[in-house]
$ cat final18.cif   # mmCIF, C-alpha atoms
data_start
#
loop_
_atom_site.group_PDB
_atom_site.id
_atom_site.type_symbol
_atom_site.label_atom_id
_atom_site.label_comp_id
_atom_site.auth_asym_id
_atom_site.auth_seq_id
_atom_site.Cartn_x
_atom_site.Cartn_y
_atom_site.Cartn_z
ATOM 1 C CA MET A 1 0.000 0.000 0.000
ATOM 2 C CA ASP A 2 1.459 3.356 -0.966
ATOM 3 C CA VAL A 3 1.918 6.272 1.438
ATOM 4 C CA ASN A 4 -0.965 8.331 -0.018
ATOM 5 C CA THR A 5 -3.436 5.448 0.300
ATOM 6 C CA SER A 6 -2.352 4.816 3.879
ATOM 7 C CA ARG A 7 -2.691 8.529 4.706
ATOM 8 C CA ASN A 8 -6.196 8.684 3.151
ATOM 9 C CA ILE A 9 -7.327 5.675 5.197
ATOM 10 C CA ARG A 10 -6.137 7.309 8.438
ATOM 11 C CA GLN A 11 -7.979 10.548 7.581
ATOM 12 C CA CYS A 12 -11.316 8.815 6.840
ATOM 13 C CA TYR A 13 -11.458 6.367 9.737
ATOM 14 C CA ASN A 14 -10.469 6.054 13.364
ATOM 15 C CA GLU A 15 -7.371 3.961 14.156
ATOM 16 C CA THR A 16 -9.271 0.693 14.643
ATOM 17 C CA GLN A 17 -11.292 1.159 11.472
ATOM 18 C CA ALA A 18 -8.146 2.010 9.496
ATOM 19 C CA ARG A 19 -6.479 -1.194 10.715
ATOM 20 C CA ILE A 20 -9.527 -3.241 9.755
ATOM 21 C CA VAL A 21 -9.714 -1.667 6.270
ATOM 22 C CA GLN A 22 -6.024 -2.377 5.699
ATOM 23 C CA TYR A 23 -6.519 -5.974 6.888
ATOM 24 C CA LEU A 24 -9.509 -6.463 4.578
ATOM 25 C CA LYS A 25 -7.659 -5.010 1.589
ATOM 26 C CA GLY A 26 -4.760 -7.366 2.276
ATOM 27 C CA GLY A 27 -7.172 -10.290 2.375
ATOM 28 C CA LEU A 28 -8.799 -9.229 -0.887
ATOM 29 C CA GLU A 29 -5.368 -9.088 -2.536
ATOM 30 C CA LYS A 30 -4.921 -12.731 -1.498
ATOM 31 C CA GLY A 31 -8.286 -13.659 -3.029
ATOM 32 C CA LYS A 32 -10.392 -13.780 0.149
ATOM 33 C CA ILE A 33 -13.976 -12.542 0.050
ATOM 34 C CA TYR A 34 -15.420 -13.791 3.363
ATOM 35 C CA PHE A 35 -14.062 -12.673 6.728
ATOM 36 C CA LYS A 36 -15.151 -13.766 10.225
ATOM 37 C CA SER A 37 -15.110 -11.169 12.992
ATOM 38 C CA LYS A 38 -13.376 -13.542 15.419
ATOM 39 C CA TYR A 39 -10.473 -14.147 13.005
ATOM 40 C CA ILE A 40 -10.070 -10.457 12.232
ATOM 41 C CA ALA A 41 -10.068 -9.825 15.992
ATOM 42 C CA ARG A 42 -7.437 -12.490 16.595
ATOM 43 C CA GLU A 43 -5.164 -11.132 13.849
ATOM 44 C CA LEU A 44 -5.477 -7.500 14.959
ATOM 45 C CA GLY A 45 -5.532 -7.984 18.736
ATOM 46 C CA LEU A 46 -9.112 -6.717 19.104
ATOM 47 C CA SER A 47 -12.260 -8.222 20.593
ATOM 48 C CA PRO A 48 -14.796 -9.792 18.208
ATOM 49 C CA LYS A 49 -17.384 -7.307 19.484
ATOM 50 C CA GLU A 50 -15.057 -4.391 18.692
ATOM 51 C CA VAL A 51 -14.548 -5.771 15.179
ATOM 52 C CA GLY A 52 -18.286 -6.314 14.665
ATOM 53 C CA THR A 53 -19.154 -2.792 15.781
ATOM 54 C CA ASN A 54 -16.550 -1.242 13.500
ATOM 55 C CA MET A 55 -17.433 -3.503 10.556
ATOM 56 C CA ALA A 56 -21.054 -2.350 10.836
ATOM 57 C CA ILE A 57 -19.889 1.271 10.762
ATOM 58 C CA LEU A 58 -17.544 0.577 7.849
ATOM 59 C CA SER A 59 -20.363 -1.101 5.918
ATOM 60 C CA GLU A 60 -22.083 2.299 5.939
ATOM 61 C CA ILE A 61 -19.163 4.680 5.399
ATOM 62 C CA CYS A 62 -16.433 2.800 3.527
ATOM 63 C CA GLN A 63 -16.061 4.107 -0.028
ATOM 64 C CA GLU A 64 -13.378 1.615 -1.118
ATOM 65 C CA LEU A 65 -15.020 -1.622 0.026
ATOM 66 C CA ALA A 66 -18.517 -3.083 -0.114
ATOM 67 C CA ILE A 67 -18.991 -4.751 3.278
ATOM 68 C CA ILE A 68 -22.082 -6.905 3.773
ATOM 69 C CA LYS A 69 -23.065 -8.829 6.896
ATOM 70 C CA TRP A 70 -23.323 -12.287 5.388
ATOM 71 C CA SER A 71 -24.071 -14.899 8.059
ATOM 72 C CA TYR A 72 -23.599 -15.925 11.658
ATOM 73 C CA SER A 73 -22.072 -19.229 12.702
ATOM 74 C CA ASN A 74 -19.845 -19.015 15.807
ATOM 75 C CA SER A 75 -18.973 -15.488 14.637
ATOM 76 C CA THR A 76 -20.350 -12.967 12.177
ATOM 77 C CA THR A 77 -19.150 -13.531 8.632
ATOM 78 C CA TRP A 78 -18.757 -10.526 6.362
ATOM 79 C CA MET A 79 -18.612 -10.554 2.579
ATOM 80 C CA VAL A 80 -16.158 -7.928 1.370
ATOM 81 C CA THR A 81 -15.554 -6.823 -2.205
ATOM 82 C CA SER A 82 -13.719 -3.915 -3.724
ATOM 83 C CA ARG A 83 -15.820 -1.032 -5.014
ATOM 84 C CA SER A 84 -14.980 0.571 -8.333
ATOM 85 C CA VAL A 85 -14.137 4.149 -7.428
#
$ encode --input "final18.cif" --output "structure tokens"
Amino acid sequence: MDVNTSRNIRQCYNETQARIVQYLKGGLEKGKIYFKSKYIARELGLSPKEVGTNMAILSEICQELAIIKWSYSNSTTWMVTSRSV
């Protein structure tokens, strides 16, 4: 991720949200589409509840990613795709 993209993410979101967006973008680059809150939390050192709350916010405000609450089975699963900007 280049410096300008990283700077734009920090300006649009709080620190936790910026970390989640960067994590999701990294996952998308590896071909992932579905993300579980508990695994995001584990990777980023957050609680699953903290991830879920911020993912819900990001689903409303994130311009770069389409974030959709997909299912619940032991943890909320989110479907994430890149938006054409």
$ closest_residue --input "final18.cif" --among "A:Ile33, A:Ser59, A:Arg19, A:Val51" --to "Thr81 of chain A" --atoms "only C-alpha atoms"
A:Ile33
$ residues_around --input "final18.cif" --residues "Leu44 of chain A" --least-positions-apart "5" --cutoff "9 Å" --atoms "only C-alpha atoms" --output "list of chain:residue names"
A:Arg19, A:Ile20, A:Tyr23, A:Tyr39
$ resolve_selection --input "final18.cif" --expression "the PyMOL selection byres ((chain A and resi 70) around 10)" --output "list in words"
Tyr34, Phe35, Lys36, Ile67, Ile68, Lys69, Ser71, Tyr72, Thr76, Thr77, Trp78, Met79 and Val80 of chain A
$ residues_around --input "final18.cif" --residues "Gln17 of chain A" --least-positions-apart "4" --cutoff "12 Å" --atoms "all atoms listed in the file" --output "MDAnalysis selection string"
chainID A and resid 9:13 21:24 40:41 44 46 50:59 61:62
$ atom_distance --input "final18.cif" --atom1 "atom CA of Gln63 of chain A" --atom2 "atom CA of Ser37 of chain A"
20.1 Å
$ atom_distance --input "final18.cif" --atom1 "atom CA of Pro48 of chain A" --atom2 "atom CA of Ser73 of chain A"
13.1 Å
$ atom_distance --input "final18.cif" --atom1 "atom CA of Ser75 of chain A" --atom2 "atom CA of Thr16 of chain A"
18.9 Å
$ closest_residue --input "final18.cif" --among "A:Arg83, A:Arg42, A:Lys25, A:Lys30" --to "Glu64 of chain A" --atoms "all atoms listed in the file"
A:Arg83
